[in-house]
file protein_16.cif (mmCIF, C-alpha atoms, pLDDT in the B column; chains and numbers go by the auth columns)
data_coords
loop_
_atom_site.group_PDB
_atom_site.id
_atom_site.type_symbol
_atom_site.label_atom_id
_atom_site.label_comp_id
_atom_site.label_asym_id
_atom_site.label_seq_id
_atom_site.Cartn_x
_atom_site.Cartn_y
_atom_site.Cartn_z
_atom_site.B_iso_or_equiv
_atom_site.auth_seq_id
_atom_site.auth_asym_id
ATOM 1 C CA MET A 1 -14.729 -4.249 -48.717 39.00 1 B
ATOM 2 C CA ILE A 2 -11.100 -3.634 -47.662 35.00 2 B
ATOM 3 C CA LYS A 3 -11.616 0.133 -48.067 41.00 3 B
ATOM 4 C CA LEU A 4 -14.714 -0.081 -45.847 38.00 4 B
ATOM 5 C CA LEU A 5 -12.950 -2.072 -43.117 38.00 5 B
ATOM 6 C CA LEU A 6 -9.823 0.073 -42.994 37.00 6 B
ATOM 7 C CA PRO A 7 -11.350 3.052 -41.105 42.00 7 B
ATOM 8 C CA ILE A 8 -12.945 0.633 -38.602 38.00 8 B
ATOM 9 C CA LEU A 9 -9.636 -1.135 -37.968 36.00 9 B
ATOM 10 C CA MET A 10 -7.899 2.215 -37.529 38.00 10 B
ATOM 11 C CA CYS A 11 -10.465 3.271 -34.929 42.00 11 B
ATOM 12 C CA LEU A 12 -10.047 0.006 -33.052 36.00 12 B
ATOM 13 C CA CYS A 13 -6.294 0.474 -32.987 38.00 13 B
ATOM 14 C CA LEU A 14 -6.659 4.001 -31.661 37.00 14 B
ATOM 15 C CA ALA A 15 -9.116 2.870 -28.992 37.00 15 B
ATOM 16 C CA ALA A 16 -6.895 0.066 -27.708 36.00 16 B
ATOM 17 C CA PRO A 17 -4.790 0.729 -24.570 42.00 17 B
ATOM 18 C CA SER A 18 -1.326 2.030 -25.375 41.00 18 B
ATOM 19 C CA TYR A 19 0.371 -0.069 -22.678 44.00 19 B
ATOM 20 C CA SER A 20 3.144 -2.011 -24.354 43.00 20 B
ATOM 21 C CA ASP A 21 5.351 -4.818 -23.122 47.00 21 B
ATOM 22 C CA ASN A 22 8.663 -3.594 -21.686 47.00 22 B
ATOM 23 C CA GLY A 23 7.281 -0.021 -21.563 56.00 23 B
ATOM 24 C CA ALA A 24 8.728 1.578 -18.439 65.00 24 B
ATOM 25 C CA ASP A 25 7.057 4.948 -19.153 68.00 25 B
ATOM 26 C CA ASP A 26 3.684 3.261 -19.546 90.00 26 B
ATOM 27 C CA GLY A 27 4.377 1.227 -16.408 93.00 27 B
ATOM 28 C CA ASN A 28 5.087 4.308 -14.294 96.00 28 B
ATOM 29 C CA ALA A 29 1.897 5.953 -15.569 95.00 29 B
ATOM 30 C CA ILE A 30 -0.073 2.819 -14.670 96.00 30 B
ATOM 31 C CA LEU A 31 1.568 2.708 -11.245 97.00 31 B
ATOM 32 C CA GLU A 32 0.492 6.271 -10.474 96.00 32 B
ATOM 33 C CA LYS A 33 -3.097 5.390 -11.442 96.00 33 B
ATOM 34 C CA VAL A 34 -2.954 2.317 -9.207 97.00 34 B
ATOM 35 C CA ASP A 35 -1.799 4.538 -6.326 96.00 35 B
ATOM 36 C CA ARG A 36 -4.719 6.924 -6.783 96.00 36 B
ATOM 37 C CA ASN A 37 -7.201 4.067 -7.043 96.00 37 B
ATOM 38 C CA LEU A 38 -5.873 2.601 -3.800 96.00 38 B
ATOM 39 C CA THR A 39 -5.897 5.896 -1.915 93.00 39 B
ATOM 40 C CA PRO A 40 -7.035 9.482 -2.561 92.00 40 B
ATOM 41 C CA GLU A 41 -4.540 12.319 -2.239 91.00 41 B
ATOM 42 C CA ALA A 42 -5.704 12.990 1.320 95.00 42 B
ATOM 43 C CA PHE A 43 -7.896 10.687 3.393 97.00 43 B
ATOM 44 C CA GLU A 44 -8.705 9.051 6.714 98.00 44 B
ATOM 45 C CA MET A 45 -9.430 5.400 7.422 98.00 45 B
ATOM 46 C CA PHE A 46 -9.754 2.710 10.066 98.00 46 B
ATOM 47 C CA ARG A 47 -7.893 -0.582 9.837 98.00 47 B
ATOM 48 C CA LYS A 48 -7.909 -3.867 11.686 98.00 48 B
ATOM 49 C CA LEU A 49 -4.649 -5.817 11.632 98.00 49 B
ATOM 50 C CA ILE A 50 -4.793 -9.494 12.522 98.00 50 B
ATOM 51 C CA ASN A 51 -1.710 -11.635 13.152 98.00 51 B
ATOM 52 C CA ILE A 52 -2.384 -15.355 12.901 98.00 52 B
ATOM 53 C CA GLU A 53 0.087 -17.905 14.282 97.00 53 B
ATOM 54 C CA PRO A 54 0.545 -21.525 13.142 96.00 54 B
ATOM 55 C CA ASP A 55 -1.542 -22.829 16.057 96.00 55 B
ATOM 56 C CA GLY A 56 -4.457 -20.603 14.960 96.00 56 B
ATOM 57 C CA SER A 57 -4.125 -18.072 17.766 97.00 57 B
ATOM 58 C CA LYS A 58 -4.721 -14.441 16.797 97.00 58 B
ATOM 59 C CA LYS A 59 -3.771 -10.983 17.945 97.00 59 B
ATOM 60 C CA GLU A 60 -5.780 -8.024 16.673 98.00 60 B
ATOM 61 C CA PHE A 61 -5.065 -4.308 16.463 98.00 61 B
ATOM 62 C CA ILE A 62 -7.332 -1.429 15.417 98.00 62 B
ATOM 63 C CA MET A 63 -5.788 1.737 14.019 98.00 63 B
ATOM 64 C CA PHE A 64 -7.010 5.109 12.826 98.00 64 B
ATOM 65 C CA SER A 65 -4.861 6.606 10.052 98.00 65 B
ATOM 66 C CA VAL A 66 -4.637 9.801 8.029 98.00 66 B
ATOM 67 C CA LYS A 67 -2.563 10.378 4.906 97.00 67 B
ATOM 68 C CA LYS A 68 -1.736 13.437 2.822 97.00 68 B
ATOM 69 C CA GLY A 69 0.147 13.545 -0.450 94.00 69 B
ATOM 70 C CA ARG A 70 2.519 10.828 -1.595 91.00 70 B
ATOM 71 C CA ASP A 71 4.721 10.515 1.470 93.00 71 B
ATOM 72 C CA ARG A 72 2.987 11.514 4.722 97.00 72 B
ATOM 73 C CA ILE A 73 0.966 9.180 6.918 98.00 73 B
ATOM 74 C CA ALA A 74 0.136 9.197 10.633 98.00 74 B
ATOM 75 C CA SER A 75 -1.684 6.548 12.668 98.00 75 B
ATOM 76 C CA VAL A 76 -2.818 5.881 16.222 98.00 76 B
ATOM 77 C CA PHE A 77 -3.693 2.584 17.906 98.00 77 B
ATOM 78 C CA LEU A 78 -7.211 2.369 19.329 98.00 78 B
ATOM 79 C CA SER A 79 -6.942 -1.205 20.625 98.00 79 B
ATOM 80 C CA PRO A 80 -5.890 -3.450 22.296 97.00 80 B
ATOM 81 C CA ALA A 81 -5.672 -1.588 25.585 96.00 81 B
ATOM 82 C CA SER A 82 -1.941 -2.318 25.842 95.00 82 B
ATOM 83 C CA GLU A 83 -1.347 -0.403 22.595 96.00 83 B
ATOM 84 C CA LYS A 84 -3.958 2.348 22.912 96.00 84 B
ATOM 85 C CA GLY A 85 -2.555 5.814 22.298 96.00 85 B
ATOM 86 C CA ARG A 86 0.609 4.659 20.569 97.00 86 B
ATOM 87 C CA ALA A 87 1.057 6.664 17.381 98.00 87 B
ATOM 88 C CA THR A 88 3.261 6.434 14.308 98.00 88 B
ATOM 89 C CA LEU A 89 4.401 8.997 11.773 98.00 89 B
ATOM 90 C CA ARG A 90 6.061 8.502 8.416 97.00 90 B
ATOM 91 C CA LEU A 91 7.588 11.307 6.382 97.00 91 B
ATOM 92 C CA GLY A 92 9.201 9.828 3.293 94.00 92 B
ATOM 93 C CA GLU A 93 11.600 7.160 4.512 92.00 93 B
ATOM 94 C CA ASN A 94 11.681 8.517 8.077 96.00 94 B
ATOM 95 C CA MET A 95 9.485 6.811 10.664 98.00 95 B
ATOM 96 C CA TRP A 96 8.747 7.437 14.332 98.00 96 B
ATOM 97 C CA LEU A 97 6.806 5.727 17.115 98.00 97 B
ATOM 98 C CA TYR A 98 5.238 7.681 19.974 97.00 98 B
ATOM 99 C CA ILE A 99 4.533 5.794 23.222 96.00 99 B
ATOM 100 C CA PRO A 100 2.407 7.577 25.869 94.00 100 B
ATOM 101 C CA ASN A 101 4.291 8.356 29.070 89.00 101 B
ATOM 102 C CA VAL A 102 7.640 7.814 27.363 88.00 102 B
ATOM 103 C CA GLY A 103 7.915 11.315 25.946 78.00 103 B
ATOM 104 C CA LYS A 104 10.070 11.876 22.894 89.00 104 B
ATOM 105 C CA PRO A 105 9.106 9.863 19.768 95.00 105 B
ATOM 106 C CA ILE A 106 11.624 7.183 18.872 96.00 106 B
ATOM 107 C CA ARG A 107 12.945 6.401 15.397 97.00 107 B
ATOM 108 C CA ILE A 108 11.899 3.092 13.862 97.00 108 B
ATOM 109 C CA THR A 109 12.823 1.391 10.596 95.00 109 B
ATOM 110 C CA SER A 110 10.825 0.121 7.637 93.00 110 B
ATOM 111 C CA LEU A 111 11.760 -3.511 8.274 92.00 111 B
ATOM 112 C CA GLN A 112 10.630 -3.485 11.903 95.00 112 B
ATOM 113 C CA SER A 113 6.968 -4.075 12.770 96.00 113 B
ATOM 114 C CA VAL A 114 4.969 -2.103 15.328 96.00 114 B
ATOM 115 C CA THR A 115 2.474 -4.988 15.412 96.00 115 B
ATOM 116 C CA GLY A 116 4.937 -7.864 15.375 94.00 116 B
ATOM 117 C CA GLY A 117 3.412 -9.757 12.432 95.00 117 B
ATOM 118 C CA ILE A 118 4.309 -10.377 8.792 97.00 118 B
ATOM 119 C CA PHE A 119 3.387 -6.789 7.906 97.00 119 B
ATOM 120 C CA ASN A 120 6.401 -4.586 8.562 97.00 120 B
ATOM 121 C CA ASN A 121 6.317 -0.829 9.139 96.00 121 B
ATOM 122 C CA ALA A 122 6.649 -0.117 5.406 95.00 122 B
ATOM 123 C CA ASP A 123 3.485 -2.164 4.799 97.00 123 B
ATOM 124 C CA ILE A 124 1.562 -0.606 7.683 97.00 124 B
ATOM 125 C CA MET A 125 2.694 2.953 6.881 97.00 125 B
ATOM 126 C CA ARG A 126 2.427 2.461 3.128 95.00 126 B
ATOM 127 C CA LEU A 127 3.372 5.376 0.893 93.00 127 B
ATOM 128 C CA ASP A 128 2.450 5.623 -2.772 96.00 128 B
ATOM 129 C CA TYR A 129 4.249 2.851 -4.635 96.00 129 B
ATOM 130 C CA SER A 130 5.282 5.406 -7.258 95.00 130 B
ATOM 131 C CA ALA A 131 7.026 7.411 -4.533 94.00 131 B
ATOM 132 C CA GLU A 132 9.318 4.475 -3.748 95.00 132 B
ATOM 133 C CA TYR A 133 9.620 2.510 -6.981 97.00 133 B
ATOM 134 C CA ASN A 134 10.238 2.897 -10.696 97.00 134 B
ATOM 135 C CA CYS A 135 8.692 0.516 -13.193 97.00 135 B
ATOM 136 C CA GLU A 136 11.409 -1.146 -15.244 96.00 136 B
ATOM 137 C CA LYS A 137 9.264 -3.508 -17.274 95.00 137 B
ATOM 138 C CA THR A 138 5.620 -4.339 -18.012 96.00 138 B
ATOM 139 C CA GLU A 139 4.123 -7.487 -19.454 95.00 139 B
ATOM 140 C CA ARG A 140 0.856 -9.399 -19.571 93.00 140 B
ATOM 141 C CA GLN A 141 0.119 -12.698 -17.878 91.00 141 B
ATOM 142 C CA GLU A 142 -3.247 -14.454 -17.933 86.00 142 B
ATOM 143 C CA GLY A 143 -5.187 -11.268 -18.594 86.00 143 B
ATOM 144 C CA LEU A 144 -3.347 -9.184 -15.990 95.00 144 B
ATOM 145 C CA LEU A 145 -0.751 -6.444 -16.333 96.00 145 B
ATOM 146 C CA VAL A 146 2.477 -7.291 -14.525 97.00 146 B
ATOM 147 C CA LEU A 147 4.651 -4.402 -13.353 98.00 147 B
ATOM 148 C CA HIS A 148 8.263 -5.105 -12.428 97.00 148 B
ATOM 149 C CA LEU A 149 9.302 -2.395 -9.980 98.00 149 B
ATOM 150 C CA LYS A 150 12.731 -1.395 -8.715 97.00 150 B
ATOM 151 C CA ALA A 151 13.374 0.604 -5.544 97.00 151 B
ATOM 152 C CA LYS A 152 14.498 4.186 -6.122 96.00 152 B
ATOM 153 C CA THR A 153 16.819 4.112 -3.084 93.00 153 B
ATOM 154 C CA ARG A 154 18.360 1.567 -0.729 90.00 154 B
ATOM 155 C CA ALA A 155 16.233 2.928 2.096 89.00 155 B
ATOM 156 C CA VAL A 156 13.126 1.226 0.628 93.00 156 B
ATOM 157 C CA ALA A 157 11.997 -1.947 2.411 93.00 157 B
ATOM 158 C CA TYR A 158 12.051 -4.135 -0.705 97.00 158 B
ATOM 159 C CA ASP A 159 14.637 -3.941 -3.464 97.00 159 B
ATOM 160 C CA GLY A 160 12.087 -5.133 -6.008 97.00 160 B
ATOM 161 C CA VAL A 161 8.334 -5.561 -6.299 98.00 161 B
ATOM 162 C CA THR A 162 6.332 -7.523 -8.845 98.00 162 B
ATOM 163 C CA MET A 163 2.750 -6.268 -9.041 98.00 163 B
ATOM 164 C CA TRP A 164 -0.112 -8.030 -10.836 98.00 164 B
ATOM 165 C CA VAL A 165 -2.739 -5.451 -11.841 97.00 165 B
ATOM 166 C CA ASP A 166 -6.319 -5.839 -13.068 96.00 166 B
ATOM 167 C CA GLU A 167 -6.126 -3.989 -16.380 93.00 167 B
ATOM 168 C CA GLN A 168 -9.736 -2.810 -16.274 93.00 168 B
ATOM 169 C CA LYS A 169 -9.919 -1.678 -12.641 95.00 169 B
ATOM 170 C CA LEU A 170 -6.221 -0.694 -12.378 96.00 170 B
ATOM 171 C CA LEU A 171 -6.027 -2.263 -8.935 97.00 171 B
ATOM 172 C CA PRO A 172 -3.463 -4.791 -7.711 98.00 172 B
ATOM 173 C CA THR A 173 -4.479 -8.414 -7.206 98.00 173 B
ATOM 174 C CA LYS A 174 -1.119 -9.693 -5.927 98.00 174 B
ATOM 175 C CA ILE A 175 2.273 -8.255 -5.041 98.00 175 B
ATOM 176 C CA GLU A 176 5.510 -10.150 -4.533 98.00 176 B
ATOM 177 C CA CYS A 177 8.143 -8.369 -2.437 98.00 177 B
ATOM 178 C CA LEU A 178 11.728 -9.263 -3.294 98.00 178 B
ATOM 179 C CA ALA A 179 15.198 -8.884 -1.804 96.00 179 B
ATOM 180 C CA SER A 180 18.119 -7.628 -3.901 94.00 180 B
ATOM 181 C CA SER A 181 19.074 -11.267 -4.517 95.00 181 B
ATOM 182 C CA GLY A 182 15.656 -11.880 -6.050 95.00 182 B
ATOM 183 C CA MET A 183 14.553 -13.976 -3.064 97.00 183 B
ATOM 184 C CA LEU A 184 10.843 -13.779 -2.261 98.00 184 B
ATOM 185 C CA ILE A 185 10.307 -12.073 1.100 97.00 185 B
ATOM 186 C CA LYS A 186 6.516 -12.050 1.187 98.00 186 B
ATOM 187 C CA THR A 187 3.404 -12.028 -0.979 98.00 187 B
ATOM 188 C CA LEU A 188 0.479 -9.626 -0.583 98.00 188 B
ATOM 189 C CA TYR A 189 -2.979 -10.680 -1.784 98.00 189 B
ATOM 190 C CA PHE A 190 -5.598 -7.975 -2.455 98.00 190 B
ATOM 191 C CA LYS A 191 -9.184 -9.145 -1.959 98.00 191 B
ATOM 192 C CA LYS A 192 -12.815 -8.056 -1.589 98.00 192 B
ATOM 193 C CA ILE A 193 -13.077 -4.961 -3.800 97.00 193 B
ATOM 194 C CA THR A 194 -15.398 -2.574 -1.952 98.00 194 B
ATOM 195 C CA ASP A 195 -17.108 0.718 -2.771 97.00 195 B
ATOM 196 C CA PHE A 196 -16.257 3.086 0.106 97.00 196 B
ATOM 197 C CA GLY A 197 -18.188 5.939 -1.537 94.00 197 B
ATOM 198 C CA ASN A 198 -17.015 9.146 -3.243 90.00 198 B
ATOM 199 C CA ASP A 199 -15.353 7.173 -6.055 91.00 199 B
ATOM 200 C CA ILE A 200 -13.137 5.159 -3.700 95.00 200 B
ATOM 201 C CA VAL A 201 -13.370 1.567 -4.922 96.00 201 B
ATOM 202 C CA ARG A 202 -10.523 -0.653 -3.789 98.00 202 B
ATOM 203 C CA PRO A 203 -9.715 -3.960 -2.069 98.00 203 B
ATOM 204 C CA ALA A 204 -10.910 -3.925 1.545 98.00 204 B
ATOM 205 C CA VAL A 205 -8.682 -6.845 2.560 98.00 205 B
ATOM 206 C CA VAL A 206 -4.945 -7.388 2.145 98.00 206 B
ATOM 207 C CA GLU A 207 -3.481 -10.707 3.275 98.00 207 B
ATOM 208 C CA THR A 208 0.182 -11.624 3.466 98.00 208 B
ATOM 209 C CA ASP A 209 2.315 -14.679 4.041 97.00 209 B
ATOM 210 C CA SER A 210 6.036 -15.307 3.819 97.00 210 B
ATOM 211 C CA PRO A 211 8.244 -18.281 2.994 97.00 211 B
ATOM 212 C CA LEU A 212 10.510 -16.966 5.763 95.00 212 B
ATOM 213 C CA HIS A 213 7.744 -17.432 8.372 95.00 213 B
ATOM 214 C CA LYS A 214 5.970 -20.646 7.424 95.00 214 B
ATOM 215 C CA GLY A 215 2.553 -21.090 8.986 96.00 215 B
ATOM 216 C CA TYR A 216 2.214 -17.426 9.952 97.00 216 B
ATOM 217 C CA LYS A 217 -0.213 -15.046 8.263 97.00 217 B
ATOM 218 C CA SER A 218 -1.308 -11.429 8.665 98.00 218 B
ATOM 219 C CA VAL A 219 -4.474 -9.709 7.456 98.00 219 B
ATOM 220 C CA MET A 220 -5.268 -6.003 7.086 98.00 220 B
ATOM 221 C CA ILE A 221 -8.935 -4.970 6.803 98.00 221 B
ATOM 222 C CA PHE A 222 -9.823 -1.432 5.664 98.00 222 B
ATOM 223 C CA ALA A 223 -12.993 0.405 6.762 98.00 223 B
ATOM 224 C CA LYS A 224 -14.562 3.866 6.603 97.00 224 B
ATOM 225 C CA MET A 225 -12.050 5.219 4.111 97.00 225 B
ATOM 226 C CA LYS A 226 -12.978 8.700 2.943 96.00 226 B
ATOM 227 C CA GLN A 227 -11.371 11.772 1.460 96.00 227 B
ATOM 228 C CA ARG A 228 -10.478 14.477 3.939 96.00 228 B
ATOM 229 C CA ASP A 229 -8.566 17.742 3.891 95.00 229 B
ATOM 230 C CA LEU A 230 -5.897 17.625 6.577 96.00 230 B
ATOM 231 C CA PRO A 231 -3.627 20.336 7.989 96.00 231 B
ATOM 232 C CA ASP A 232 0.129 19.974 7.490 97.00 232 B
ATOM 233 C CA GLU A 233 0.473 20.217 11.276 97.00 233 B
ATOM 234 C CA ALA A 234 -1.099 16.740 11.608 97.00 234 B
ATOM 235 C CA PHE A 235 2.072 15.268 10.114 98.00 235 B
ATOM 236 C CA THR A 236 4.632 16.617 12.555 97.00 236 B
ATOM 237 C CA LEU A 237 6.408 15.106 15.562 97.00 237 B
ATOM 238 C CA ASN A 238 4.814 17.646 17.889 96.00 238 B
ATOM 239 C CA PHE A 239 1.341 16.513 16.813 97.00 239 B
ATOM 240 C CA LEU A 240 1.963 12.771 17.341 96.00 240 B
ATOM 241 C CA PRO A 241 0.446 12.725 20.858 95.00 241 B
ATOM 242 C CA ARG A 242 -2.717 14.294 19.409 96.00 242 B
ATOM 243 C CA VAL A 243 -3.338 12.174 16.308 97.00 243 B
ATOM 244 C CA GLN A 244 -6.344 10.617 18.034 95.00 244 B
ATOM 245 C CA SER A 245 -7.980 14.061 18.194 96.00 245 B
ATOM 246 C CA LEU A 246 -8.453 13.888 14.405 96.00 246 B
ATOM 247 C CA ARG A 247 -11.065 11.126 14.713 94.00 247 B
#

call {"tool": "encode", "arguments": {"input": "protein_16.cif", "output": "C-alpha cells"}}
result
Amino acid sequence: MIKLLLPILMCLCLAAPSYSDNGADDGNAILEKVDRNLTPEAFEMFRKLINIEPDGSKKEFIMFSVKKGRDRIASVFLSPASEKGRATLRLGENMWLYIPNVGKPIRITSLQSVTGGIFNNADIMRLDYSAEYNCEKTERQEGLLVLHLKAKTRAVAYDGVTMWVDEQKLLPTKIECLASSGMLIKTLYFKKITDFGNDIVRPAVVETDSPLHKGYKSVMIFAKMKQRDLPDEAFTLNFLPRVQSLR
C-alpha cells in the first residue's frame, strides 16, 4: 500500500504551489503576476474618483487614463467642469500637472493629491507595484498570501506596503500603506471583481480610508478598461495638452 501511495504523494507535492513563507524571490514573482492581473502592459480606462467627507458630502471626478509599460501613465480630467482639460503625466517617480491656459506643465509630488482626497498622486497615477517595491517576506494568513513590500527608493510614496493577495486569483484584497516608522498611513480595499473582457478580470472598486483623516473616505471606480497599443509620444510633456484626443 505504501509503495502505491508514494507516487501519488509525490505528484501532489509537485503540483502544490512553490510559494514558501519568507520567500522574497517567490514574493517578487507573485507581485509581478499581481501587477499584470491588475493592468495589462498597455491599456486605456475611465475612472470615477469620489471624495466623501464626514458630513456625507461628496465631490466626484471623472478621468480618462492611458498606461504603457511599468512606469508611464497619463490622464485627463473630463469632469467636473472646473477640472476639465487638466492632465497629468507620470514617468517613473516624476510627475507633472498640466492646467489649460497656464502653459508649461508644473511638477507635482507623489504625496500631493490632484483631487484633494485620501488618494494621493501615487495612488491616482499608480505604477506597477513591482516597479516601486521589493518583496522582503511572504506568509499566509487566513487563506491569503501576505506580501511585505519595501520601497526601492526614498522617492516612493510609502516606505512599506503590506499586501493581502487572493492566492487563487492573484489579486489584492487589501493593502496597508506604511511610513518608515511603521505607522499606518492608509488602507486600500479592493472590491467587486469584474470581467472587463479580453482576459482582464480585476477589482472594479478601490476604497481607502486613513487613521490620519478620520471620517473621510475616497473611492475609485474603474470602467471600460481595455488593452490598447499606444505611441511613446503620448507619454511626453509636449503631448499633455492633447491627452484627451486619445479617447

call {"tool": "residues_around", "arguments": {"input": "protein_16.cif", "residues": "region 74-85 of chain B", "least_positions_apart": "6", "cutoff": "7 Å", "atoms": "all atoms listed in the file", "output": "list of chain:residue names"}}
result
B:Phe61, B:Ile62, B:Met63, B:Phe64, B:Ser65, B:Val66, B:Lys67, B:Pro100, B:Phe235, B:Val243, B:Gln244

call {"tool": "resolve_selection", "arguments": {"input": "protein_16.cif", "expression": "the PyMOL selection byres ((chain B and resi 172-183) around 10)", "output": "compact mmCIF listing (two decimals) with C-alpha atoms, keeping the file's coordinate frame"}}
result
# COMPACT_ATOMS: atom_id res chain seq x y z
CA LEU B 31 1.57 2.71 -11.24
CA VAL B 34 -2.95 2.32 -9.21
CA ASP B 35 -1.80 4.54 -6.33
CA ASN B 37 -7.20 4.07 -7.04
CA LEU B 38 -5.87 2.60 -3.80
CA LEU B 144 -3.35 -9.18 -15.99
CA LEU B 145 -0.75 -6.44 -16.33
CA VAL B 146 2.48 -7.29 -14.52
CA LEU B 147 4.65 -4.40 -13.35
CA HIS B 148 8.26 -5.11 -12.43
CA LEU B 149 9.30 -2.40 -9.98
CA LYS B 150 12.73 -1.40 -8.72
CA ALA B 151 13.37 0.60 -5.54
CA ARG B 154 18.36 1.57 -0.73
CA ALA B 157 12.00 -1.95 2.41
CA TYR B 158 12.05 -4.14 -0.70
CA ASP B 159 14.64 -3.94 -3.46
CA GLY B 160 12.09 -5.13 -6.01
CA VAL B 161 8.33 -5.56 -6.30
CA THR B 162 6.33 -7.52 -8.85
CA MET B 163 2.75 -6.27 -9.04
CA TRP B 164 -0.11 -8.03 -10.84
CA VAL B 165 -2.74 -5.45 -11.84
CA ASP B 166 -6.32 -5.84 -13.07
CA GLU B 167 -6.13 -3.99 -16.38
CA LYS B 169 -9.92 -1.68 -12.64
CA LEU B 170 -6.22 -0.69 -12.38
CA LEU B 171 -6.03 -2.26 -8.94
CA LEU B 184 10.84 -13.78 -2.26
CA ILE B 185 10.31 -12.07 1.10
CA LYS B 186 6.52 -12.05 1.19
CA THR B 187 3.40 -12.03 -0.98
CA LEU B 188 0.48 -9.63 -0.58
CA TYR B 189 -2.98 -10.68 -1.78
CA PHE B 190 -5.60 -7.98 -2.46
CA LYS B 191 -9.18 -9.14 -1.96
CA ILE B 193 -13.08 -4.96 -3.80
CA ARG B 202 -10.52 -0.65 -3.79
CA PRO B 203 -9.72 -3.96 -2.07
CA VAL B 206 -4.94 -7.39 2.14
CA GLU B 207 -3.48 -10.71 3.28
CA THR B 208 0.18 -11.62 3.47
CA SER B 210 6.04 -15.31 3.82
CA PRO B 211 8.24 -18.28 2.99

call {"tool": "closest_residue", "arguments": {"input": "protein_16.cif", "among": "B:Phe43, B:Tyr216, B:Phe222, B:Tyr133", "to": "Ser57 (chain B)", "atoms": "all atoms listed in the file"}}
result
B:Tyr216

call {"tool": "resolve_selection", "arguments": {"input": "protein_16.cif", "expression": "the PyMOL selection byres ((chain B and resi 234) around 12)", "output": "VMD selection string"}}
result
chain B and resid 42 44 65 to 68 72 to 76 87 to 91 229 to 233 235 to 247

call {"tool": "write_last_selection", "arguments": {"input": "protein_16.cif", "atoms": "C-alpha atoms", "output": "short mmCIF file (atom, residue, chain, number, x, y, z; two decimals), in the frame of the given file"}}
result
data_model
loop_
_atom_site.label_atom_id
_atom_site.label_comp_id
_atom_site.auth_asym_id
_atom_site.auth_seq_id
_atom_site.Cartn_x
_atom_site.Cartn_y
_atom_site.Cartn_z
CA ALA B 42 -5.70 12.99 1.32
CA GLU B 44 -8.70 9.05 6.71
CA SER B 65 -4.86 6.61 10.05
CA VAL B 66 -4.64 9.80 8.03
CA LYS B 67 -2.56 10.38 4.91
CA LYS B 68 -1.74 13.44 2.82
CA ARG B 72 2.99 11.51 4.72
CA ILE B 73 0.97 9.18 6.92
CA ALA B 74 0.14 9.20 10.63
CA SER B 75 -1.68 6.55 12.67
CA VAL B 76 -2.82 5.88 16.22
CA ALA B 87 1.06 6.66 17.38
CA THR B 88 3.26 6.43 14.31
CA LEU B 89 4.40 9.00 11.77
CA ARG B 90 6.06 8.50 8.42
CA LEU B 91 7.59 11.31 6.38
CA ASP B 229 -8.57 17.74 3.89
CA LEU B 230 -5.90 17.62 6.58
CA PRO B 231 -3.63 20.34 7.99
CA ASP B 232 0.13 19.97 7.49
CA GLU B 233 0.47 20.22 11.28
CA PHE B 235 2.07 15.27 10.11
CA THR B 236 4.63 16.62 12.56
CA LEU B 237 6.41 15.11 15.56
CA ASN B 238 4.81 17.65 17.89
CA PHE B 239 1.34 16.51 16.81
CA LEU B 240 1.96 12.77 17.34
CA PRO B 241 0.45 12.72 20.86
CA ARG B 242 -2.72 14.29 19.41
CA VAL B 243 -3.34 12.17 16.31
CA GLN B 244 -6.34 10.62 18.03
CA SER B 245 -7.98 14.06 18.19
CA LEU B 246 -8.45 13.89 14.40
CA ARG B 247 -11.06 11.13 14.71
#

call {"tool": "closest_residue", "arguments": {"input": "protein_16.cif", "among": "B:Gln141, B:Arg228, B:Cys135, B:Val156", "to": "Thr109 (chain B)", "atoms": "all atoms listed in the file"}}
result
B:Val156

call {"tool": "atom_distance", "arguments": {"input": "protein_16.cif", "atom1": "CA of Pro54 (chain B)", "atom2": "CA of Thr115 (chain B)"}}
result
16.8 Å

call {"tool": "resolve_selection", "arguments": {"input": "protein_16.cif", "expression": "the PyMOL selection byres ((chain B and resi 112) around 12)", "output": "list in words"}}
result
Met95, Trp96, Leu97, Arg107, Ile108, Thr109, Ser110, Leu111, Ser113, Val114, Thr115, Gly116, Gly117, Ile118, Phe119, Asn120, Asn121, Ala122, Asp123, Ile124, Met125 and Ala157 of chain B

call {"tool": "closest_residue", "arguments": {"input": "protein_16.cif", "among": "B:Met220, B:Glu93, B:Lys33, B:Ile50", "to": "Ala155 (chain B)", "atoms": "only C-alpha atoms"}}
result
B:Glu93

call {"tool": "residues_around", "arguments": {"input": "protein_16.cif", "residues": "Asp199 (chain B)", "least_positions_apart": "3", "cutoff": "12 Å", "atoms": "all atoms listed in the file", "output": "list in words"}}
result
Arg36, Asn37, Leu38, Thr39, Pro40, Thr194, Asp195, Phe196, Arg202, Met225, Lys226 and Gln227 of chain B

call {"tool": "closest_residue", "arguments": {"input": "protein_16.cif", "among": "B:Lys58, B:Lys152, B:Lys137, B:Lys192", "to": "Ile30 (chain B)", "atoms": "all atoms listed in the file"}}
result
B:Lys137

call {"tool": "closest_residue", "arguments": {"input": "protein_16.cif", "among": "B:Ala204, B:Leu127, B:Ile106, B:Ile99", "to": "Val219 (chain B)", "atoms": "only C-alpha atoms"}}
result
B:Ala204

call {"tool": "closest_residue", "arguments": {"input": "protein_16.cif", "among": "B:Phe46, B:Gly56, B:Lys224, B:Gln168", "to": "Gly143 (chain B)", "atoms": "all atoms listed in the file"}}
result
B:Gln168

call {"tool": "atom_distance", "arguments": {"input": "protein_16.cif", "atom1": "CA of Glu139 (chain B)", "atom2": "CA of Leu212 (chain B)"}}
result
27.7 Å

call {"tool": "atom_distance", "arguments": {"input": "protein_16.cif", "atom1": "CA of Asp209 (chain B)", "atom2": "CA of Thr153 (chain B)"}}
result
24.8 Å
